Each structure stands twice: as C-alpha cells, then as structure tokens.
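This is entry.cif (mmCIF, C-alpha atoms and all ligand atoms).
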data_structure
#
loop_
_atom_site.label_atom_id
_atom_site.label_comp_id
_atom_site.auth_asym_id
_atom_site.auth_seq_id
_atom_site.Cartn_x
_atom_site.Cartn_y
_atom_site.Cartn_z
CA MET K 1 87.83 -169.24 32.10
CA LEU K 2 84.81 -167.15 33.06
CA THR K 3 85.18 -164.21 35.41
CA ARG K 4 82.85 -161.45 36.50
CA PHE K 5 82.66 -158.03 38.08
CA ALA K 6 79.64 -157.52 40.31
CA PRO K 7 79.17 -153.90 41.37
CA SER K 8 76.16 -152.53 43.21
CA PRO K 9 74.62 -149.57 41.37
CA THR K 10 74.45 -147.55 44.57
CA GLY K 11 77.18 -145.07 43.70
CA LEU K 12 79.95 -144.21 41.28
CA LEU K 13 82.87 -146.56 40.64
CA HIS K 14 85.98 -145.59 42.54
CA LEU K 15 89.56 -146.80 42.22
CA GLY K 16 88.86 -149.83 44.38
CA HIS K 17 86.06 -151.00 42.09
CA ALA K 18 88.17 -150.27 39.03
CA PHE K 19 90.93 -152.44 40.48
CA ALA K 20 88.50 -155.33 40.99
CA ALA K 21 87.10 -154.88 37.49
CA VAL K 22 90.50 -154.72 35.80
CA TYR K 23 91.65 -157.74 37.79
CA ALA K 24 88.75 -159.92 36.62
CA TYR K 25 88.87 -158.56 33.08
CA ASP K 26 92.62 -159.08 32.65
CA LEU K 27 92.45 -162.61 33.99
CA ALA K 28 89.80 -163.56 31.43
CA GLU K 29 91.59 -161.70 28.64
CA GLU K 30 94.97 -163.28 29.33
CA ASN K 31 93.42 -166.73 29.28
CA GLY K 32 91.14 -166.36 26.28
CA GLY K 33 88.12 -166.46 28.59
CA ARG K 34 85.01 -164.40 29.05
CA PHE K 35 84.26 -161.55 31.41
CA TYR K 36 80.75 -160.76 32.61
CA LEU K 37 79.16 -157.77 34.26
CA ARG K 38 76.54 -158.38 36.94
CA PHE K 39 74.65 -155.69 38.81
CA GLU K 40 74.05 -156.58 42.43
CA ASP K 41 70.92 -154.50 42.73
CA ILE K 42 68.66 -156.37 45.11
CA ASP K 43 68.61 -153.55 47.65
CA ALA K 44 66.07 -151.25 45.99
CA THR K 45 66.35 -148.71 48.81
CA ARG K 46 69.98 -147.98 47.87
CA VAL K 47 70.02 -148.54 44.12
CA ARG K 48 69.69 -145.50 41.85
CA ASP K 49 68.90 -145.80 38.15
CA GLU K 50 71.59 -143.41 37.01
CA PHE K 51 74.38 -145.59 38.40
CA TYR K 52 73.83 -148.53 36.02
CA LEU K 53 74.75 -146.36 33.05
CA ALA K 54 77.46 -144.48 34.95
CA ILE K 55 79.17 -147.77 35.81
CA GLU K 56 78.96 -149.03 32.24
CA HIS K 57 80.30 -145.72 31.02
CA ASP K 58 83.25 -145.74 33.42
CA LEU K 59 84.15 -149.33 32.57
CA SER K 60 84.01 -148.62 28.84
CA TRP K 61 86.15 -145.54 29.33
CA LEU K 62 88.73 -147.69 31.12
CA GLY K 63 88.71 -150.01 28.11
CA ILE K 64 86.92 -152.83 29.87
CA GLN K 65 84.47 -154.62 27.61
CA TRP K 66 82.12 -157.25 29.05
CA ASP K 67 80.67 -160.19 27.16
CA GLY K 68 76.95 -160.31 26.46
CA SER K 69 74.42 -158.15 28.30
CA PRO K 70 74.94 -157.42 31.98
CA ILE K 71 72.62 -159.34 34.25
CA ARG K 72 70.67 -157.72 37.06
CA GLN K 73 69.97 -159.57 40.28
CA SER K 74 66.68 -157.73 40.56
CA ASP K 75 65.53 -159.79 37.52
CA ARG K 76 66.43 -163.05 39.17
CA LEU K 77 64.46 -163.05 42.42
CA PRO K 78 62.51 -166.25 41.55
CA ALA K 79 65.78 -168.19 41.26
CA TYR K 80 66.85 -167.02 44.73
CA MET K 81 63.46 -167.84 46.20
CA GLN K 82 63.63 -171.33 44.76
CA ALA K 83 67.04 -171.84 46.36
CA LEU K 84 65.67 -170.66 49.69
CA GLU K 85 62.85 -173.21 49.41
CA GLN K 86 65.44 -175.90 48.79
CA LEU K 87 67.30 -174.86 51.94
CA LYS K 88 64.04 -174.85 53.91
CA SER K 89 63.33 -178.39 52.80
CA LEU K 90 66.80 -179.41 54.02
CA GLY K 91 65.92 -177.90 57.40
CA VAL K 92 69.07 -175.76 57.52
CA VAL K 93 67.39 -172.34 57.73
CA TYR K 94 65.05 -170.88 60.29
CA PRO K 95 62.85 -167.80 60.42
CA CYS K 96 64.15 -165.03 62.66
CA PHE K 97 61.63 -162.55 64.02
CA CYS K 98 64.10 -160.41 65.97
CA THR K 99 64.20 -156.68 65.41
CA ARG K 100 67.55 -154.93 65.38
CA ARG K 101 66.75 -153.49 68.81
CA GLU K 102 65.96 -156.92 70.24
CA ILE K 103 69.26 -158.29 68.95
CA GLU K 104 71.13 -155.35 70.48
CA ASN K 105 69.42 -155.89 73.83
CA GLU K 106 70.15 -159.60 73.78
CA ILE K 107 73.81 -158.95 73.04
CA ALA K 108 74.04 -156.25 75.73
CA GLY K 109 72.87 -158.81 78.29
CA MET K 110 75.50 -161.40 77.30
CA SER K 111 78.81 -161.57 79.11
CA ASN K 112 80.48 -163.27 76.18
CA ALA K 113 78.77 -162.30 72.92
CA PRO K 114 80.02 -164.33 69.93
CA HIS K 115 82.38 -162.43 67.64
CA GLY K 116 83.39 -162.92 64.03
CA PRO K 117 85.81 -161.08 61.75
CA GLU K 118 83.10 -158.55 60.97
CA GLY K 119 81.99 -157.88 64.53
CA ILE K 120 79.40 -159.32 66.87
CA LEU K 121 77.42 -162.27 65.55
CA TYR K 122 73.71 -162.94 65.84
CA PRO K 123 73.24 -164.64 69.22
CA GLY K 124 70.92 -167.31 67.86
CA THR K 125 67.77 -166.27 69.73
CA CYS K 126 65.27 -167.56 67.17
CA ARG K 127 67.19 -170.78 66.55
CA ALA K 128 65.84 -171.97 69.88
CA LEU K 129 62.15 -171.33 69.13
CA ALA K 130 59.85 -174.35 69.31
CA ALA K 131 58.56 -175.51 65.92
CA SER K 132 54.99 -174.74 67.01
CA GLU K 133 55.84 -171.16 67.95
CA ARG K 134 57.62 -170.70 64.63
CA GLU K 135 54.61 -171.94 62.72
CA ASP K 136 52.19 -169.77 64.69
CA ARG K 137 54.24 -166.64 64.14
CA LEU K 138 54.70 -167.37 60.44
CA ALA K 139 50.98 -168.07 60.09
CA ALA K 140 50.23 -164.76 61.82
CA GLY K 141 52.32 -163.01 59.16
CA GLU K 142 54.92 -161.69 61.57
CA SER K 143 57.81 -159.98 59.81
CA HIS K 144 60.89 -162.23 59.62
CA CYS K 145 64.12 -162.96 57.81
CA TRP K 146 65.61 -166.41 57.18
CA ARG K 147 68.91 -167.38 58.73
CA LEU K 148 71.29 -170.23 58.04
CA ASP K 149 71.56 -172.59 60.99
CA ALA K 150 75.35 -172.77 60.77
CA SER K 151 75.73 -175.77 63.09
CA LEU K 152 73.13 -177.86 61.32
CA ALA K 153 74.51 -176.86 57.94
CA ALA K 154 78.04 -177.84 58.96
CA ARG K 155 76.79 -181.22 60.11
CA GLN K 156 75.08 -181.78 56.76
CA THR K 157 78.01 -180.73 54.59
CA GLY K 158 80.81 -182.30 56.62
CA SER K 159 84.20 -180.66 56.25
CA LEU K 160 84.71 -178.52 53.16
CA ILE K 161 87.56 -176.62 51.63
CA PHE K 162 87.97 -174.03 48.94
CA ASP K 163 90.87 -173.17 46.71
CA ASP K 164 92.06 -169.64 46.95
CA GLN K 165 94.71 -168.86 44.34
CA ILE K 166 96.28 -166.30 46.66
CA ASN K 167 95.72 -167.68 50.16
CA GLY K 168 95.98 -171.39 49.29
CA LYS K 169 93.65 -174.17 50.44
CA MET K 170 91.19 -172.88 53.01
CA VAL K 171 89.26 -175.08 55.42
CA VAL K 172 85.67 -173.86 55.67
CA ASP K 173 84.58 -172.58 59.05
CA ALA K 174 80.79 -172.66 59.09
CA HIS K 175 80.66 -170.54 62.24
CA LEU K 176 82.83 -167.67 61.07
CA LEU K 177 79.87 -165.38 60.35
CA GLY K 178 77.39 -167.10 62.64
CA ASP K 179 73.80 -167.69 61.52
CA VAL K 180 73.91 -165.30 58.57
CA VAL K 181 70.79 -163.87 56.97
CA LEU K 182 70.01 -165.61 53.68
CA ALA K 183 66.73 -163.82 52.99
CA ARG K 184 66.20 -160.36 54.36
CA LYS K 185 62.86 -159.20 55.73
CA ASP K 186 62.41 -156.73 52.92
CA ILE K 187 63.91 -158.42 49.87
CA ALA K 188 63.53 -162.19 50.33
CA THR K 189 67.19 -162.84 49.48
CA SER K 190 70.63 -161.61 50.52
CA TYR K 191 74.05 -161.04 49.05
CA HIS K 192 75.23 -164.50 50.13
CA LEU K 193 72.38 -166.43 48.54
CA ALA K 194 72.18 -164.35 45.35
CA VAL K 195 75.91 -164.40 44.64
CA VAL K 196 76.12 -168.18 45.01
CA ILE K 197 73.16 -168.74 42.70
CA ASP K 198 74.46 -166.30 40.10
CA ASP K 199 78.05 -167.53 40.07
CA ALA K 200 76.64 -170.99 39.33
CA TYR K 201 74.10 -169.66 36.80
CA GLN K 202 76.81 -167.80 34.89
CA LYS K 203 79.19 -170.77 35.27
CA ILE K 204 81.88 -168.51 36.70
CA THR K 205 85.11 -170.49 36.97
CA HIS K 206 87.19 -167.88 38.84
CA VAL K 207 85.60 -165.62 41.41
CA THR K 208 87.90 -162.65 41.89
CA ARG K 209 87.05 -160.10 44.56
CA GLY K 210 88.49 -158.15 47.46
CA GLU K 211 89.93 -159.88 50.50
CA ASP K 212 87.23 -158.24 52.62
CA LEU K 213 84.93 -160.97 51.26
CA LEU K 214 87.16 -163.89 52.21
CA ALA K 215 85.05 -164.69 55.28
CA SER K 216 81.90 -164.71 53.15
CA THR K 217 83.37 -167.39 50.91
CA HIS K 218 83.16 -169.86 53.81
CA ILE K 219 79.38 -169.40 53.79
CA HIS K 220 79.25 -169.54 50.00
CA ARG K 221 80.97 -172.94 49.94
CA ILE K 222 78.43 -174.25 52.42
CA LEU K 223 75.54 -172.97 50.32
CA GLN K 224 77.04 -174.43 47.15
CA ASN K 225 77.36 -177.79 48.82
CA LEU K 226 73.83 -177.75 50.25
CA LEU K 227 72.35 -176.68 46.92
CA GLY K 228 74.34 -179.20 44.89
CA LEU K 229 76.33 -176.55 43.01
CA GLY K 230 79.97 -176.82 41.99
CA ALA K 231 82.66 -174.62 43.49
CA PRO K 232 84.56 -172.06 41.43
CA LEU K 233 88.16 -171.18 42.21
CA TYR K 234 88.64 -168.02 44.24
CA LEU K 235 91.09 -165.15 44.18
CA HIS K 236 90.71 -162.69 47.03
CA HIS K 237 92.90 -159.78 46.10
CA ARG K 238 94.18 -156.93 48.23
CA LEU K 239 92.10 -153.78 48.57
CA ILE K 240 93.05 -150.28 47.61
CA LEU K 241 93.16 -148.22 50.79
CA ASP K 242 92.93 -144.49 51.41
CA GLN K 243 95.65 -142.45 53.13
CA ASN K 244 94.33 -143.55 56.53
CA GLY K 245 94.54 -147.21 55.66
CA LYS K 246 90.75 -147.49 55.33
CA ARG K 247 89.17 -149.20 52.36
CA LEU K 248 87.65 -146.88 49.82
CA SER K 249 83.93 -146.35 49.99
CA LYS K 250 81.34 -144.60 47.90
CA ARG K 251 82.08 -141.51 49.97
CA ASN K 252 85.59 -141.22 48.50
CA ASP K 253 84.32 -138.99 45.73
CA ALA K 254 87.77 -137.65 44.99
CA LEU K 255 88.82 -141.09 43.85
CA SER K 256 85.77 -141.85 41.72
CA ILE K 257 86.60 -142.70 38.13
CA ARG K 258 84.31 -139.89 37.01
CA THR K 259 86.20 -137.30 39.06
CA LEU K 260 89.56 -138.55 37.82
CA ARG K 261 88.27 -138.34 34.25
CA GLN K 262 86.94 -134.83 34.81
CA GLU K 263 90.29 -133.82 36.23
CA GLY K 264 91.79 -134.73 32.89
CA LEU K 265 93.41 -138.08 33.61
CA SER K 266 93.52 -140.54 30.73
CA PRO K 267 92.33 -144.15 31.08
CA ALA K 268 95.96 -145.28 30.84
CA GLU K 269 96.91 -142.99 33.72
CA VAL K 270 94.11 -144.37 35.89
CA ILE K 271 95.14 -147.95 35.08
CA ASP K 272 98.67 -146.93 35.94
CA MET K 273 97.53 -145.66 39.34
CA LEU K 274 95.98 -149.05 39.97
CA SER K 275 99.12 -150.98 39.28
N1 LIG K 301 78.96 -156.35 45.11
C1 LIG K 301 80.17 -156.66 45.79
C2 LIG K 301 81.01 -155.42 45.93
O1 LIG K 301 80.74 -154.44 45.23
C3 LIG K 301 80.98 -157.71 45.07
C4 LIG K 301 80.64 -159.04 45.53
C5 LIG K 301 81.37 -160.18 44.87
O2 LIG K 301 82.22 -159.93 44.00
O3 LIG K 301 81.08 -161.31 45.21
O4 LIG K 301 81.91 -155.40 46.73
#

Please lay out the structure from this file as structure tokens.
Ligand code: GLU
Amino acid sequence: MLTRFAPSPTGLLHLGHAFAAVYAYDLAEENGGRFYLRFEDIDATRVRDEFYLAIEHDLSWLGIQWDGSPIRQSDRLPAYMQALEQLKSLGVVYPCFCTRREIENEIAGMSNAPHGPEGILYPGTCRALAASEREDRLAAGESHCWRLDASLAARQTGSLIFDDQINGKMVVDAHLLGDVVLARKDIATSYHLAVVIDDAYQKITHVTRGEDLLASTHIHRILQNLLGLGAPLYLHHRLILDQNGKRLSKRNDALSIRTLRQEGLSPAEVIDMLS
C-alpha cells in the first residue's frame, strides 16, 4: 500500500491539512505500506520557499515520517509536458485563447450557462474554432491554455468507473467539470494533469484526500485511461470545517499547526483534536 500527502507550499499547514496527512500516513502504517510527501508547487506565483521547510517541520512535529525524499512537481514539468503531447496526439485537447474577461462576457450573454459542482463551467467557445484558425493563432504565438474536450474524451474512453472506499463505486461523468484546463497559460500544466502523472509515477495505490476533490477524480480517471495509466483506489474523506461550516483555508491562522504548537499544545493533543 502506497499513500501520499500532497500539500501546496503556499501557506502553513492547518488542522485540515494535518487531518489529510494523518489519514494517509495511518493508512500506510496500519498496512505495512509506504507514505510519500509530494509538494504541489507548480504555481510559482503562490509558492514561498519558507513553506517547504515549515510543512516538513510541522509534519515531523506531529510524528508523521515520510518515506524517501519529498518530490516537487516543479522538478517534473517535462513529464507533464510529455503527457500533454500525448493528449494532443489523441486529439482530445484544444487550445483556448479566451481571456477571463471574454469568458465572463460569454457567460453573461447566455440564458442557460452550464453549471458544475464548483460553479459555472467554461462555455466551450474555443472548442468550436476551425482547425485553420487554431493553427494561425498558435503560429502567431497568441497566449493560450489547453483544455480537455470532455465530449471527445468521453467518446474515446467509453464508460468508466472508480472505486471510492467511502462512497462506493462511482460512474465517471466526463462533463462534471466541463472542458477543464490541463495546461495553464503560465505554467504549461495544471493540478489535474500533474496529479495524475505523479500518482502513477509514485505508484500510489490509495489516493486519500478531501471530499472537495471528488469531482476532480472523474477527470483524473479519464486522463488515466487516455494516457494508459492504471487507476488507484480512492478515499475521499470528510473535511474539517470552521465554526461557520466553511472548509478551513490558509487564512485560518488560528488553526495552523504552528499556532497550536506556539500556544503550547502537544502533538498528541493536536492529533486528539483531529479525531
Ligand atoms: N494539493 C491538494 C490540496 O492541498 C491535494 C491534492 C490531492 O491530494 O490530490 O488540497
């Protein structure tokens, strides 16, 4: 059994992260498996150097020890780019030249904008571009991201399922998140693409993470299928919420592991809070 914890070094760990880390760590420990640490640090505009060490420090303080050296997604960009090329050759991605403003305007003019669990979906504007226009705009160096053509992808994969140890067998809905971005304008990859490549690279057998990412797993199964990668088992656990029922964010400083430590709590007391 191989599990992982994949924080972004964009802030301090809070109780919600600690819960996810303990969950993955305990699962591996109880089953004689391995537990890996992976930094999801592709977004250089948000990553800060000090947080890599702070996260390692907090995890160690909690008694969580990872196997081997942590990997950093920022070191693995060529692997993601290669996967994107593979998807291009399958014809299931397309370049999208829309600016945020253009997307907003397009949606404002629609009487029935498509919705997903995370809000309004991309309306598909650039999916309809003629191949010649696409080529001209790419050749002219126009700024673009790459999106999954969800309909085409679904046709190629046929029906898929994934096993969620908490929610049971899930039937993949390729349209749940619409034509998601697989390579951002600025960083040539995205969370969805990178996480799929890395879970396969690290041979993760059990992907444990918060239930807020359940919808993303539908896209991940599609990418795994298109790229010829196996599917891990999934466990989407509940999230720790604040007093207002909102999920914790990096702004909940009061509940950061560092603050709790500075207030004099012991690791055992913090673990206790989690359970
Ligand atoms: N980086 C994500 C987070 O901090 C975790 C993603 C995942 O586990 O797949 O929520």

Selection as a PyMOL selection string: residues within 6 Å of ligand LIG 301 (chain K) by only C-alpha atoms and all ligand atoms = chain K and resi 6-8+40+209

Ser216 in chain K proximity check over K:Ala200, K:Leu233, K:Leu2, K:Leu177, using all atoms listed in the file: winner is K:Leu177

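For the set K:Leu176, K:Pro117, K:Lys185, K:Thr157, the residue with the smallest atom-to-atom gap to Arg100 in chain K is K:Lys185, counting only C-alpha atoms.
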
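Among the candidate residues K:Ile222, K:Leu274, K:Ala194, K:Ala131, the one lying nearest to Leu148 in chain K is K:Ile222, with distances computed using only C-alpha atoms.
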
Quick one: which range 68-130 of chain K residues come within 12 Å of range 45-59 of chain K, and what is the nearest atom pair for each with the distance in Å to one decimal, counting all atoms listed in the file, rows ordered by chain and ascending number, as a tab-separated table?
residue	atom	partner	partner_atom	distance
K:Ser69	CA	K:Glu56	CA	10.9
K:Pro70	CA	K:Glu56	CA	9.3
K:Ile71	CA	K:Tyr52	CA	11.0
K:Arg72	CA	K:Tyr52	CA	9.8
K:Gln73	CA	K:Val47	CA	11.7
K:Ser74	CA	K:Val47	CA	10.4

May I ask which of the residues K:Asp179, K:Asp164, K:Glu269, K:Glu102 is the closest one to Gly116 in chain K, counting all atoms listed in the file?
-> K:Asp179

Distance in Å - CA of Tyr94 in chain K versus CA of Tyr191 in chain K |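 Interatomic distance here is 17.4 Å.
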
When distances are computed from all atoms listed in the file, which of K:Glu135, K:Glu211, K:Glu263, K:Asp199 shows the smallest separation from Ile240 in chain K?
-> K:Glu211

Test item: residues at most 12 Å from Ala79 in chain K, all atoms listed in the file, excluding those fewer than 6 positions along its chain, as a short mmCIF file (atom, residue, chain, number, x, y, z; two decimals) with C-alpha atoms, in the coordinates of the input:
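Below is the file selection.cif, written as the result:
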data_model
loop_
_atom_site.label_atom_id
_atom_site.label_comp_id
_atom_site.auth_asym_id
_atom_site.auth_seq_id
_atom_site.Cartn_x
_atom_site.Cartn_y
_atom_site.Cartn_z
CA GLN K 73 69.97 -159.57 40.28
CA GLU K 85 62.85 -173.21 49.41
CA GLN K 86 65.44 -175.90 48.79
CA ALA K 188 63.53 -162.19 50.33
CA THR K 189 67.19 -162.84 49.48
CA LEU K 193 72.38 -166.43 48.54
CA ALA K 194 72.18 -164.35 45.35
CA VAL K 195 75.91 -164.40 44.64
CA VAL K 196 76.12 -168.18 45.01
CA ILE K 197 73.16 -168.74 42.70
CA ASP K 198 74.46 -166.30 40.10
CA ALA K 200 76.64 -170.99 39.33
CA TYR K 201 74.10 -169.66 36.80
#
